[in-house]
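Asks: Just one file: work_1.txt, with compact mmCIF, C-alpha atoms.
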```txt
# COMPACT_ATOMS: atom_id res chain seq x y z
CA MET A 1 -9.12 97.95 36.74
CA ALA A 2 -5.84 99.22 35.30
CA GLU A 3 -4.48 101.83 37.64
CA ILE A 4 -1.08 103.46 37.57
CA ALA A 5 0.26 104.28 40.99
CA CYS A 6 3.58 105.34 42.38
CA ILE A 7 4.35 103.15 45.38
CA GLY A 8 7.63 103.05 47.27
CA ARG A 9 9.50 105.40 44.91
CA SER A 10 9.52 109.13 44.62
CA TRP A 11 7.64 111.03 41.95
CA ALA A 12 10.93 112.73 41.09
CA MET A 13 12.44 109.35 40.15
CA ALA A 14 9.30 108.47 38.18
CA SER A 15 9.50 111.78 36.32
CA TRP A 16 13.18 111.26 35.53
CA LEU A 17 12.56 107.73 34.21
CA MET A 18 9.65 108.84 32.02
CA ASP A 19 11.89 111.52 30.47
CA GLN A 20 14.45 108.90 29.40
CA PRO A 21 14.47 107.59 25.81
CA GLU A 22 12.09 104.69 25.29
CA ALA A 23 13.91 101.39 25.75
CA LEU A 24 13.67 98.40 23.40
CA LEU A 25 12.91 95.25 25.38
CA ALA A 26 13.83 91.83 24.00
CA ASP A 27 14.91 93.57 20.76
CA ARG A 28 11.26 93.97 19.86
CA TYR A 29 9.11 95.93 22.31
CA ARG A 30 9.43 99.70 22.75
CA GLU A 31 8.64 100.62 26.34
CA HIS A 32 6.53 103.71 26.95
CA TRP A 33 6.81 103.81 30.79
CA ASP A 34 3.04 103.83 31.27
CA GLY A 35 2.28 100.12 31.16
CA ILE A 36 2.28 99.95 27.36
CA VAL A 37 4.78 98.54 24.87
CA THR A 38 4.80 98.84 21.09
CA ASP A 39 5.87 95.82 19.06
CA VAL A 40 8.26 97.43 16.57
CA GLN A 41 7.71 94.57 14.09
CA THR A 42 3.90 94.79 13.98
CA ASN A 43 3.25 98.33 15.30
CA LEU A 44 0.68 96.92 17.75
CA GLN A 45 0.52 98.49 21.20
CA TRP A 46 0.02 96.04 24.07
CA MET A 47 -0.86 96.46 27.70
CA ARG A 48 2.04 94.99 29.65
CA PHE A 49 -0.31 93.35 32.14
CA SER A 50 -3.22 90.94 31.86
CA LEU A 51 -6.72 91.99 32.91
CA GLY A 52 -7.08 91.70 36.66
CA GLN A 53 -3.54 92.96 37.23
CA GLN A 54 -2.37 96.55 37.69
CA TRP A 55 0.59 98.54 36.46
CA GLU A 56 2.32 100.18 39.41
CA MET A 57 5.57 102.09 39.19
CA PHE A 58 7.14 100.22 36.28
CA SER A 59 5.92 96.76 37.24
CA CYS A 60 2.88 94.54 37.03
CA ILE A 61 1.28 93.47 40.28
CA GLY A 62 -1.61 91.25 41.23
CA LYS A 63 -3.04 88.11 39.74
CA ALA A 64 -4.41 87.85 36.21
CA THR A 65 -8.16 87.24 36.16
CA GLY A 66 -9.47 84.25 34.27
CA CYS A 67 -12.87 84.82 32.73
CA THR A 68 -15.28 83.68 30.05
CA TRP A 69 -14.95 85.09 26.56
CA LYS A 70 -18.09 87.23 26.98
CA ALA A 71 -16.81 88.64 30.27
CA ALA A 72 -13.49 89.46 28.56
CA LEU A 73 -15.30 91.38 25.81
CA ASP A 74 -17.37 93.20 28.44
CA MET A 75 -14.27 94.15 30.48
CA ALA A 76 -12.55 95.65 27.41
CA HIS A 77 -15.70 97.59 26.51
CA THR A 78 -16.13 98.85 30.09
CA LEU A 79 -12.49 99.94 30.32
CA ASN A 80 -12.84 102.03 27.15
CA ARG A 81 -16.21 103.50 28.20
CA GLN A 82 -14.87 104.47 31.63
CA GLY A 83 -11.94 106.49 30.33
CA GLY A 84 -9.65 103.93 28.72
CA TYR A 85 -6.06 103.40 29.71
CA ALA A 86 -2.98 105.61 29.19
CA GLY A 87 -5.02 108.13 27.21
CA HIS A 88 -6.41 105.57 24.74
CA HIS A 89 -10.03 104.44 24.41
CA ASP A 90 -9.65 101.79 21.72
CA TRP A 91 -8.36 98.75 23.65
CA ARG A 92 -9.66 95.38 22.48
CA ILE A 93 -9.08 91.66 22.64
CA PRO A 94 -6.51 90.70 19.97
CA THR A 95 -7.22 88.53 16.94
CA ILE A 96 -5.62 85.09 16.96
CA GLU A 97 -3.00 86.32 14.48
CA GLU A 98 -2.11 89.26 16.73
CA LEU A 99 -1.96 87.08 19.82
CA GLN A 100 0.38 84.67 18.08
CA THR A 101 2.90 87.47 17.55
CA LEU A 102 3.46 87.68 21.31
CA TYR A 103 4.56 84.13 21.71
CA CYS A 104 6.18 83.07 18.44
CA SER A 105 8.74 84.79 16.29
CA SER A 106 7.66 86.46 13.09
CA GLN A 107 9.77 84.07 11.00
CA PRO A 108 7.94 82.30 8.14
CA GLU A 109 8.04 79.00 10.03
CA THR A 110 6.22 80.44 13.03
CA TRP A 111 2.80 78.77 13.17
CA ASN A 112 1.61 76.26 10.62
CA ASP A 113 -2.17 75.96 10.84
CA PRO A 114 -4.56 76.62 13.72
CA GLY A 115 -4.42 73.62 15.99
CA VAL A 116 -0.72 73.03 15.32
CA THR A 117 1.96 73.64 17.92
CA CYS A 118 4.50 76.39 17.32
CA GLN A 119 7.49 74.41 16.11
CA GLY A 120 11.05 74.09 17.43
CA GLN A 121 13.08 77.13 18.29
CA TYR A 122 10.30 79.49 17.32
CA VAL A 123 8.19 79.06 20.44
CA ARG A 124 8.66 81.69 23.13
CA PRO A 125 7.55 80.43 26.54
CA PRO A 126 5.48 83.06 28.41
CA GLY A 127 8.35 83.56 30.87
CA SER A 128 10.81 84.50 28.11
CA TYR A 129 9.71 88.10 27.90
CA GLN A 130 9.16 88.90 31.54
CA LEU A 131 10.84 92.26 30.94
CA ALA A 132 8.20 93.25 28.40
CA PHE A 133 5.28 91.45 30.09
CA PRO A 134 6.15 91.03 33.78
CA ASN A 135 4.17 88.68 36.02
CA THR A 136 2.51 86.94 33.06
CA PRO A 137 0.89 83.66 34.15
CA ARG A 138 3.32 80.83 33.37
CA LYS A 139 0.58 78.56 32.05
CA GLY A 140 -2.99 78.87 30.87
CA TRP A 141 -4.73 80.15 27.80
CA TYR A 142 -5.40 83.60 26.41
CA TRP A 143 -8.59 84.51 24.57
CA SER A 144 -8.58 85.98 21.08
CA SER A 145 -11.45 87.83 19.38
CA SER A 146 -11.40 85.39 16.44
CA THR A 147 -14.37 83.05 16.26
CA TYR A 148 -14.08 79.55 14.88
CA GLU A 149 -15.79 79.68 11.48
CA GLU A 150 -17.05 76.06 11.58
CA ASP A 151 -18.86 76.49 14.91
CA LEU A 152 -19.57 80.02 16.14
CA SER A 153 -19.93 78.80 19.73
CA PHE A 154 -16.11 78.44 19.73
CA VAL A 155 -13.34 81.05 19.65
CA TRP A 156 -9.61 80.68 18.92
CA SER A 157 -7.30 80.74 21.93
CA ILE A 158 -3.67 80.00 22.61
CA TYR A 159 -2.65 77.70 25.43
CA PHE A 160 0.76 78.42 26.93
CA TYR A 161 2.88 76.25 29.12
CA PRO A 162 6.63 76.82 29.60
CA GLY A 163 8.25 75.84 26.31
CA TYR A 164 4.94 75.09 24.60
CA GLY A 165 2.26 77.02 22.77
CA LYS A 166 -0.79 75.66 20.97
CA VAL A 167 -3.63 77.32 19.09
CA PHE A 168 -6.98 75.68 19.74
CA ALA A 169 -10.68 76.39 19.49
CA CYS A 170 -12.31 76.83 22.89
CA ARG A 171 -16.01 77.00 23.69
CA LYS A 172 -16.93 80.63 24.43
CA VAL A 173 -18.77 79.75 27.63
CA LEU A 174 -15.85 77.75 29.02
CA GLY A 175 -14.39 79.97 31.68
CA PHE A 176 -11.18 81.34 32.85
CA GLY A 177 -9.01 82.27 29.92
CA TYR A 178 -6.70 85.25 30.43
CA VAL A 179 -6.84 88.50 28.48
CA ARG A 180 -4.13 90.91 27.30
CA LEU A 181 -5.52 93.96 25.50
CA VAL A 182 -4.12 95.48 22.34
CA ARG A 183 -4.68 98.52 20.13
CA GLY A 184 -3.85 99.09 16.48
CA HIS A 185 -4.08 96.48 13.70
CA LEU A 186 -1.76 94.11 11.84
```
Show how you would write the structure in this file as structure tokens.
Replies:
Amino acid sequence: MAEIACIGRSWAMASWLMDQPEALLADRYREHWDGIVTDVQTNLQWMRFSLGQQWEMFSCIGKATGCTWKAALDMAHTLNRQGGYAGHHDWRIPTIEELQTLYCSSQPETWNDPGVTCQGQYVRPPGSYQLAFPNTPRKGWYWSSSTYEEDLSFVWSIYFYPGYGKVFACRKVLGFGYVRLVRGHL
């Protein structure tokens, strides 16, 4: 699922790059050269690619896979059981609060209540951080692990469209949300 390969560049160049100090992307994400970034504000580690894509020689390739919520949970579990990624076996689907940190600033005015659009200058369109998360789908929703308390057949998701982000409750069996895995906790 999440392979690292060296295509079109020499291993010597790859070795040299991995020995360089970790870069800070978008003044927030520390790059680790293995398809992972650490958010220096939250300490969460994120895969730089969505499930269905691959990390190859410092870039994300392929098309993100849309799936049901259950399939997303199963894919995360299978990845961890089959060896994990980048030496870690604790990847998971983020909570809605964690997912929000990717697409809105951490300022107090970030998100009001679930179901409310990220306001004004605080929204970050998915394309804004292509350096940290290359080849991210420009529109669509991402699953969270947070269930909707009023109806457990729903789960919180975030819908992204360039310049727009909205938290909403989505039926778990409705298909084809995207998934970006995380490790650590807020």
Asks: Please measure the separation of atom CA of Pro94 of chain A and atom CA of Ser146 of chain A, giving the value in Å to one decimal.
Replies: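 Separation between atom CA of Pro94 of chain A and atom CA of Ser146 of chain A: 8.0 Å.
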Asks: Excluding segment 84-91 of chain A and residues on its chain fewer than 5 positions from it, collect all residues at most 8 Å away from it, counting all atoms listed in the file, and give them as a short mmCIF file (atom, residue, chain, number, x, y, z; two decimals) with C-alpha atoms, keeping the file's coordinate frame.
Replies:
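Written out: part-v9.cif:
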```
data_model
loop_
_atom_site.label_atom_id
_atom_site.label_comp_id
_atom_site.auth_asym_id
_atom_site.auth_seq_id
_atom_site.Cartn_x
_atom_site.Cartn_y
_atom_site.Cartn_z
CA ALA A 2 -5.84 99.22 35.30
CA ASP A 34 3.04 103.83 31.27
CA GLY A 35 2.28 100.12 31.16
CA ILE A 36 2.28 99.95 27.36
CA ALA A 76 -12.55 95.65 27.41
CA HIS A 77 -15.70 97.59 26.51
CA LEU A 79 -12.49 99.94 30.32
CA LEU A 181 -5.52 93.96 25.50
CA VAL A 182 -4.12 95.48 22.34
CA ARG A 183 -4.68 98.52 20.13
#
```
Asks: Mind giving me the straight-line distance from atom CA of Leu24 of chain A to atom CA of Ala64 of chain A in Å, one decimal?
Replies: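 Distance between the two atoms: 24.5 Å.
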Asks: Closest to Phe160 of chain A among A:Leu51, A:Val173, A:Leu102, A:Leu131, using all atoms listed in the file?
Replies: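 Once distances to Phe160 of chain A are computed over all atoms listed in the file, the minimum belongs to A:Leu102.
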Asks: With a distance cut-off of 12 Å and all atoms listed in the file, select the neighbouring residues of segment 150-152 of chain A, excluding the residue or stretch itself and same-chain residues fewer than 4 positions from it, and output the selection as a PyMOL selection string.
Replies: chain A and resi 145-146+156+169-173
Asks: Could you work out how far atom CA of Gly83 of chain A lies from atom CA of Ala132 of chain A, giving the answer in Å with one decimal?
Replies: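 Between atom CA of Ala132 of chain A and atom CA of Gly83 of chain A the gap is 24.2 Å.
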Asks: Which one of A:Val179, A:Val37, A:Leu174, A:Leu25 sits closest to Arg92 of chain A if you count only C-alpha atoms?
Replies: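 Comparing A:Val179, A:Val37, A:Leu174, A:Leu25 against Arg92 of chain A, the winner is A:Val179.
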Asks: Nearest residue to Ser144 of chain A out of A:Gly175, A:Asn80, A:Trp69, A:Met75, using all atoms listed in the file?
Replies: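 That would be A:Trp69, the residue with the smallest distance to Ser144 of chain A.
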Asks: Excluding Gly66 of chain A and its own-chain neighbours fewer than 6 positions away, which residues fall within 6 Å of it when counting all atoms listed in the file? Please give them as a list in words.
Replies: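 Counting only the stated atoms, we get Phe176, Gly177 and Tyr178 of chain A.
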Asks: Pick the closest to Phe154 of chain A from A:Gln53, A:Gly184, A:Gln130, A:Lys70: which is it, counting all atoms listed in the file?
Replies: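 The answer is A:Lys70, which sits nearest to Phe154 of chain A.
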Asks: Which residues come within 8 Å of Phe133 of chain A, counting only C-alpha atoms, excluding same-chain residues fewer than 6 positions away, as a PyMOL selection string?
Replies: chain A and resi 48-49+60
Asks: Of the candidates A:Gly62, A:Ala26, A:Leu73, A:Glu98, which shows the shortest atom-to-atom distance to Leu186 of chain A, using all atoms listed in the file?
Replies: A:Glu98
Asks: Which residue gives the smallest distance to Gln54 of chain A among A:Arg180, A:Arg28, A:Lys166, A:His185, with all atoms listed in the file counted?
Replies: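 The answer is A:Arg180, which sits nearest to Gln54 of chain A.
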